[in-house]
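Asker: Just passing along the structure, written as structure tokens.
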Amino acid sequence: MEVISLAEGSSYFRSPESATAAAIAALQNDKTKYGPTEGTLPLRRAIIQKYRADGIELQPEQVLITPGAKQALYNLFTTLLKEDDEVVVPTPAWFGFHELLKYSPAKGIALPTSLSDGYKLTPEMLRGTLTSRTRILLLTNPGNPTGRIYTEEELEALLEVVNDFPNLYLISDEIYDLVTYGRPFTSILSCQGAKAARTIVVNGFSKSFAMSGWRLGFILGPADLVRRCTEFQRATLSGVSLFAQDAAEAVLMAREQELPPMQQVLAKNREFMQKGLEVIPHVPYYLPDGAYYFFPDLSHYLNRTSITGEQLKTTADLCRYLRNCYNLELAPGDSFGAPGHVRMSFAVETHRLQDAMQRLRQGLILLTED
Ligand code: PMP
């Protein structure tokens, strides 16, 4: 039985043709030397144009091209954080935030949201967690692993609280902004309450454009902060490869053609996975508005014994069992700050998904209660 992995954080699609063609042309044109640290002007302009289409005005000095969104976050953490600062992260959240914060002098503070409330972070919860030491509030919208998209009204209500903390920067990780299923996505930058000097967007090409290996991300923010991040990037990395930047520019210009075929497959797969979950008893889940994951609660199936006599106490145990006995890989929720849950990607070929969901059902219903 072949291994099926639903544990990956990137989709199975090939990178778009427009990107590959532009990169090849750039290489043939000898775009193989250092470029500007802040990124090429045409790419920054293409990004500005994308945001302008949503009514957001940006200047080139407010855009820094980074080798991935991860590096964008690392730049920001290095530039903004010092000892005793706090970074508030609503959970469940992508494990990468926690990993990155290990290399910063600041302390990560988890702000748990729950499935029963649709993973909604409320203004009250936020006010109860922010302190004068909180330097960064790190939102992920659409959420990974939750798939939640915040409405404009919800964002405005959160911004009212944020604006009472003058020391605070709001970073919105919007890397899944173009992977949505009907619910409109609103960037934090288009909110009335967003203070230009304290609001930052991190985004990239890994998810929407299936380009995770190209290492292409960006920061949008106030010019003085972007300049400081650029200085750090100059000292540590220089600019992103010019041929990768040409690819990013090309794919952004061609997004109206490139995105819909991928989106159609993802929308179908999402429905498919939902149907697969519906036939497994006692598995609550949130139907994702964006990104490409379900994050169901499998705690009903914990503290049971597997066919091999193994006691399954955590979702890590459960995932190991599914891997060993069913060749099915899922990502345990513990690393996302949500024990009892698992993250399942539906950005895989549809026929594999069908098989995967059968294996999951089989694997769970055959567990016996202790
Ligand atoms: N932010 C989130 C929420 C992510 O899920 C990921 C990738 N899993 C990243 C950032 C990192 O993206 P990149 O490949 O651009 O570094």
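Letters for chains follow the order of the structure tokens (A, B, ...), residue numbers begin at 1 for each chain, and ligand numbers begin at 1 in the order shown.
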Counting only C-alpha atoms and all ligand atoms, which residues of chain A sit at most 8 Å from some atom of ligand 1, and what is each one's closest atom pair with its distance in Å to one decimal, listed by chain and rising residue number, as JSON lines?
Answerer:
```
{"residue": "A:Gly9", "atom": "CA", "partner": "ligand 1", "partner_atom_place_in_ligand_line": "8 (N)", "distance": 5.0}
{"residue": "A:Ser10", "atom": "CA", "partner": "ligand 1", "partner_atom_place_in_ligand_line": "8 (N)", "distance": 7.1}
{"residue": "A:Pro67", "atom": "CA", "partner": "ligand 1", "partner_atom_place_in_ligand_line": "16 (O)", "distance": 7.1}
{"residue": "A:Gly68", "atom": "CA", "partner": "ligand 1", "partner_atom_place_in_ligand_line": "15 (O)", "distance": 3.5}
{"residue": "A:Ala69", "atom": "CA", "partner": "ligand 1", "partner_atom_place_in_ligand_line": "15 (O)", "distance": 3.5}
{"residue": "A:Lys70", "atom": "CA", "partner": "ligand 1", "partner_atom_place_in_ligand_line": "16 (O)", "distance": 3.8}
{"residue": "A:Gln71", "atom": "CA", "partner": "ligand 1", "partner_atom_place_in_ligand_line": "16 (O)", "distance": 6.3}
{"residue": "A:Ala72", "atom": "CA", "partner": "ligand 1", "partner_atom_place_in_ligand_line": "16 (O)", "distance": 7.8}
{"residue": "A:Leu73", "atom": "CA", "partner": "ligand 1", "partner_atom_place_in_ligand_line": "10 (C)", "distance": 7.9}
{"residue": "A:Ala93", "atom": "CA", "partner": "ligand 1", "partner_atom_place_in_ligand_line": "3 (C)", "distance": 7.6}
{"residue": "A:Trp94", "atom": "CA", "partner": "ligand 1", "partner_atom_place_in_ligand_line": "3 (C)", "distance": 5.5}
{"residue": "A:Gly96", "atom": "CA", "partner": "ligand 1", "partner_atom_place_in_ligand_line": "9 (C)", "distance": 7.1}
{"residue": "A:Phe97", "atom": "CA", "partner": "ligand 1", "partner_atom_place_in_ligand_line": "1 (N)", "distance": 7.8}
{"residue": "A:Thr140", "atom": "CA", "partner": "ligand 1", "partner_atom_place_in_ligand_line": "3 (C)", "distance": 6.0}
{"residue": "A:Gly143", "atom": "CA", "partner": "ligand 1", "partner_atom_place_in_ligand_line": "3 (C)", "distance": 6.8}
{"residue": "A:Asn144", "atom": "CA", "partner": "ligand 1", "partner_atom_place_in_ligand_line": "3 (C)", "distance": 5.3}
{"residue": "A:Pro145", "atom": "CA", "partner": "ligand 1", "partner_atom_place_in_ligand_line": "5 (O)", "distance": 7.7}
{"residue": "A:Asp173", "atom": "CA", "partner": "ligand 1", "partner_atom_place_in_ligand_line": "1 (N)", "distance": 5.9}
{"residue": "A:Glu174", "atom": "CA", "partner": "ligand 1", "partner_atom_place_in_ligand_line": "3 (C)", "distance": 7.2}
{"residue": "A:Ile175", "atom": "CA", "partner": "ligand 1", "partner_atom_place_in_ligand_line": "1 (N)", "distance": 5.9}
{"residue": "A:Tyr176", "atom": "CA", "partner": "ligand 1", "partner_atom_place_in_ligand_line": "3 (C)", "distance": 7.4}
{"residue": "A:Val202", "atom": "CA", "partner": "ligand 1", "partner_atom_place_in_ligand_line": "1 (N)", "distance": 7.9}
{"residue": "A:Asn203", "atom": "CA", "partner": "ligand 1", "partner_atom_place_in_ligand_line": "15 (O)", "distance": 7.0}
{"residue": "A:Gly204", "atom": "CA", "partner": "ligand 1", "partner_atom_place_in_ligand_line": "15 (O)", "distance": 5.0}
{"residue": "A:Phe205", "atom": "CA", "partner": "ligand 1", "partner_atom_place_in_ligand_line": "15 (O)", "distance": 6.3}
{"residue": "A:Ser206", "atom": "CA", "partner": "ligand 1", "partner_atom_place_in_ligand_line": "14 (O)", "distance": 4.9}
{"residue": "A:Lys207", "atom": "CA", "partner": "ligand 1", "partner_atom_place_in_ligand_line": "14 (O)", "distance": 7.4}
{"residue": "A:Met211", "atom": "CA", "partner": "ligand 1", "partner_atom_place_in_ligand_line": "14 (O)", "distance": 8.0}
{"residue": "A:Ser212", "atom": "CA", "partner": "ligand 1", "partner_atom_place_in_ligand_line": "14 (O)", "distance": 4.9}
{"residue": "A:Gly213", "atom": "CA", "partner": "ligand 1", "partner_atom_place_in_ligand_line": "14 (O)", "distance": 7.3}
{"residue": "A:Arg215", "atom": "CA", "partner": "ligand 1", "partner_atom_place_in_ligand_line": "14 (O)", "distance": 6.0}
{"residue": "A:Leu216", "atom": "CA", "partner": "ligand 1", "partner_atom_place_in_ligand_line": "15 (O)", "distance": 5.8}
{"residue": "A:Gly217", "atom": "CA", "partner": "ligand 1", "partner_atom_place_in_ligand_line": "15 (O)", "distance": 5.0}
```
Asker: Residues near Thr151 in chain A, anyone? I mean within 8 Å using only C-alpha atoms, not counting same-chain ones fewer than 6 positions away, as a list in words.
Answerer: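 Counting only C-alpha atoms, the residues come to Pro184, Phe185 and Thr186 of chain A.
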Asker: Would you mind listing what lies within 7 Å of range 26-38 of chain A as a list in words, with only C-alpha atoms counted and same-chain residues fewer than 2 positions away left out?
Answerer: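 In the requested form, the answer reads Ala22, Ala23, Ile24, Thr40, Leu64, Ile65, Thr230, Gln233, Arg234, Ser238, Gly239, Leu242, Phe243 and Asp246 of chain A.
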Asker: Output all heavy atoms for every residue in that selection, as a short mmCIF file (atom, residue, chain, number, x, y, z; two decimals), in the first residue's frame.
Answerer:
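Saved result, selection-v7.cif, follows:
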```cif
data_model
loop_
_atom_site.label_atom_id
_atom_site.label_comp_id
_atom_site.auth_asym_id
_atom_site.auth_seq_id
_atom_site.Cartn_x
_atom_site.Cartn_y
_atom_site.Cartn_z
N ALA A 22 9.18 32.41 -17.17
CA ALA A 22 9.86 33.67 -16.86
C ALA A 22 11.22 33.41 -16.21
O ALA A 22 12.20 34.11 -16.49
CB ALA A 22 8.99 34.53 -15.94
N ALA A 23 11.29 32.39 -15.37
CA ALA A 23 12.57 32.07 -14.71
C ALA A 23 13.58 31.58 -15.73
O ALA A 23 14.76 31.98 -15.70
CB ALA A 23 12.35 31.02 -13.63
N ILE A 24 13.14 30.74 -16.65
CA ILE A 24 14.06 30.22 -17.68
C ILE A 24 14.57 31.38 -18.53
O ILE A 24 15.77 31.50 -18.79
CB ILE A 24 13.35 29.14 -18.54
CG1 ILE A 24 13.10 27.90 -17.68
CG2 ILE A 24 14.19 28.79 -19.78
CD1 ILE A 24 12.19 26.86 -18.31
N THR A 40 13.26 43.59 -6.88
CA THR A 40 13.23 44.37 -8.12
C THR A 40 12.04 45.32 -8.10
O THR A 40 10.99 45.00 -7.51
CB THR A 40 13.11 43.46 -9.37
OG1 THR A 40 11.81 42.85 -9.35
CG2 THR A 40 14.19 42.38 -9.39
N LEU A 64 9.14 44.91 0.82
CA LEU A 64 10.44 44.22 0.81
C LEU A 64 10.21 42.78 0.35
O LEU A 64 9.38 42.06 0.93
CB LEU A 64 11.05 44.22 2.22
CG LEU A 64 12.28 43.33 2.43
CD1 LEU A 64 13.45 43.75 1.53
CD2 LEU A 64 12.71 43.36 3.90
N ILE A 65 10.94 42.37 -0.68
CA ILE A 65 10.85 40.99 -1.15
C ILE A 65 11.83 40.15 -0.32
O ILE A 65 13.00 40.52 -0.16
CB ILE A 65 11.23 40.88 -2.66
CG1 ILE A 65 10.49 41.92 -3.50
CG2 ILE A 65 10.99 39.45 -3.17
CD1 ILE A 65 8.98 41.81 -3.49
N THR A 230 15.16 45.78 5.57
CA THR A 230 16.01 45.67 4.38
C THR A 230 17.48 45.68 4.79
O THR A 230 18.29 44.92 4.26
CB THR A 230 15.72 46.83 3.40
OG1 THR A 230 14.31 46.88 3.16
CG2 THR A 230 16.45 46.65 2.07
N GLN A 233 18.34 42.35 6.06
CA GLN A 233 18.42 41.39 4.95
C GLN A 233 19.70 41.61 4.13
O GLN A 233 20.31 40.65 3.67
CB GLN A 233 17.17 41.52 4.06
CG GLN A 233 17.15 40.49 2.94
CD GLN A 233 15.76 40.24 2.39
OE1 GLN A 233 14.86 39.82 3.13
NE2 GLN A 233 15.54 40.49 1.11
N ARG A 234 20.10 42.87 4.01
CA ARG A 234 21.35 43.16 3.28
C ARG A 234 22.54 42.52 4.01
O ARG A 234 23.42 41.94 3.38
CB ARG A 234 21.55 44.68 3.16
CG ARG A 234 22.81 45.07 2.38
CD ARG A 234 22.89 46.57 2.11
NE ARG A 234 21.84 47.02 1.23
CZ ARG A 234 20.89 47.91 1.53
NH1 ARG A 234 20.88 48.50 2.73
NH2 ARG A 234 19.98 48.25 0.67
N SER A 238 21.20 39.34 1.34
CA SER A 238 21.07 40.09 0.07
C SER A 238 19.67 39.85 -0.50
O SER A 238 18.80 39.35 0.21
CB SER A 238 22.13 39.71 -0.94
OG SER A 238 23.41 39.93 -0.38
N GLY A 239 19.51 40.15 -1.78
CA GLY A 239 18.16 40.04 -2.37
C GLY A 239 17.85 38.62 -2.80
O GLY A 239 18.74 37.77 -2.92
N LEU A 242 17.25 36.82 -8.74
CA LEU A 242 16.51 37.65 -9.71
C LEU A 242 15.58 36.82 -10.58
O LEU A 242 14.48 37.26 -10.92
CB LEU A 242 17.51 38.41 -10.59
CG LEU A 242 18.25 39.54 -9.88
CD1 LEU A 242 19.31 40.14 -10.81
CD2 LEU A 242 17.28 40.63 -9.42
N PHE A 243 16.02 35.60 -10.94
CA PHE A 243 15.15 34.79 -11.82
C PHE A 243 13.88 34.35 -11.09
O PHE A 243 12.81 34.23 -11.69
CB PHE A 243 15.89 33.61 -12.44
CG PHE A 243 16.66 32.76 -11.46
CD1 PHE A 243 16.06 31.70 -10.83
CD2 PHE A 243 17.99 33.03 -11.19
CE1 PHE A 243 16.75 30.91 -9.94
CE2 PHE A 243 18.72 32.24 -10.30
CZ PHE A 243 18.10 31.19 -9.66
N ASP A 246 11.59 37.35 -11.16
CA ASP A 246 10.93 37.49 -12.47
C ASP A 246 9.75 36.51 -12.57
O ASP A 246 8.70 36.84 -13.11
CB ASP A 246 11.92 37.22 -13.61
CG ASP A 246 12.72 38.47 -13.98
OD1 ASP A 246 12.67 39.44 -13.19
OD2 ASP A 246 13.38 38.48 -15.04
#
```
Asker: Distance CA of Thr368 in chain A-CA of Pro339 in chain A, one decimal place?
Answerer: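 For CA of Thr368 in chain A relative to CA of Pro339 in chain A, the distance reads 20.4 Å.
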Asker: May I have all residues of range 312-346 of chain A that DSSP, computed from the backbone, assigns to strand (DSSP E or B), given as an MDAnalysis selection string?
Answerer: chainID A and resid 312 328:329 331:332 341:345
Asker: Using the selection just defined, write its residues with N, CA and C atoms as a PDB file, in the first residue's frame.
Answerer:
```pdb
ATOM      1  N   LEU A 312      -3.189   4.463  22.481  1.00  0.00           N
ATOM      2  CA  LEU A 312      -3.067   5.749  21.788  1.00  0.00           C
ATOM      3  C   LEU A 312      -3.528   6.867  22.715  1.00  0.00           C
ATOM      4  N   LEU A 328      -0.886   6.156   6.171  1.00  0.00           N
ATOM      5  CA  LEU A 328      -1.537   7.460   6.041  1.00  0.00           C
ATOM      6  C   LEU A 328      -0.848   8.450   6.976  1.00  0.00           C
ATOM      7  N   GLU A 329      -0.368   9.543   6.408  1.00  0.00           N
ATOM      8  CA  GLU A 329       0.324  10.542   7.238  1.00  0.00           C
ATOM      9  C   GLU A 329      -0.546  11.775   7.462  1.00  0.00           C
ATOM     10  N   ALA A 331      -0.830  15.403  10.243  1.00  0.00           N
ATOM     11  CA  ALA A 331       0.007  16.210  11.138  1.00  0.00           C
ATOM     12  C   ALA A 331      -0.678  16.338  12.499  1.00  0.00           C
ATOM     13  N   PRO A 332      -0.039  15.855  13.579  1.00  0.00           N
ATOM     14  CA  PRO A 332      -0.664  15.931  14.904  1.00  0.00           C
ATOM     15  C   PRO A 332      -0.877  17.374  15.360  1.00  0.00           C
ATOM     16  N   HIS A 341      -6.384  17.326  18.081  1.00  0.00           N
ATOM     17  CA  HIS A 341      -6.748  17.577  16.682  1.00  0.00           C
ATOM     18  C   HIS A 341      -5.667  17.045  15.749  1.00  0.00           C
ATOM     19  N   VAL A 342      -6.015  16.925  14.469  1.00  0.00           N
ATOM     20  CA  VAL A 342      -4.993  16.631  13.452  1.00  0.00           C
ATOM     21  C   VAL A 342      -5.218  17.557  12.271  1.00  0.00           C
ATOM     22  N   ARG A 343      -4.120  17.900  11.606  1.00  0.00           N
ATOM     23  CA  ARG A 343      -4.261  18.709  10.384  1.00  0.00           C
ATOM     24  C   ARG A 343      -4.172  17.788   9.170  1.00  0.00           C
ATOM     25  N   MET A 344      -5.166  17.955   8.289  1.00  0.00           N
ATOM     26  CA  MET A 344      -5.243  17.128   7.080  1.00  0.00           C
ATOM     27  C   MET A 344      -5.315  18.039   5.867  1.00  0.00           C
ATOM     28  N   SER A 345      -4.330  17.924   4.984  1.00  0.00           N
ATOM     29  CA  SER A 345      -4.328  18.769   3.784  1.00  0.00           C
ATOM     30  C   SER A 345      -5.178  18.124   2.698  1.00  0.00           C
TER      31      SER A 345
END
```
Asker: Closest to Ile47 in chain A among A:Glu99, A:Glu258, A:Asp84, A:Glu249, using only C-alpha atoms?
Answerer: A:Glu249
Asker: Please provide as a PyMOL selection string all residues within 7 Å of Tyr150 in chain A, with the sequence filter that same-chain residues fewer than 4 positions apart are discarded (counting only C-alpha atoms).
Answerer: chain A and resi 141+154-155
Asker: Go through A:Arg135, A:Arg198, A:Arg304, A:Lys120 and flag the residue nearest Gly147 in chain A, using only C-alpha atoms for the distances.
Answerer: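 Going through A:Arg135, A:Arg198, A:Arg304, A:Lys120 one by one, the smallest distance to Gly147 in chain A is for A:Lys120.
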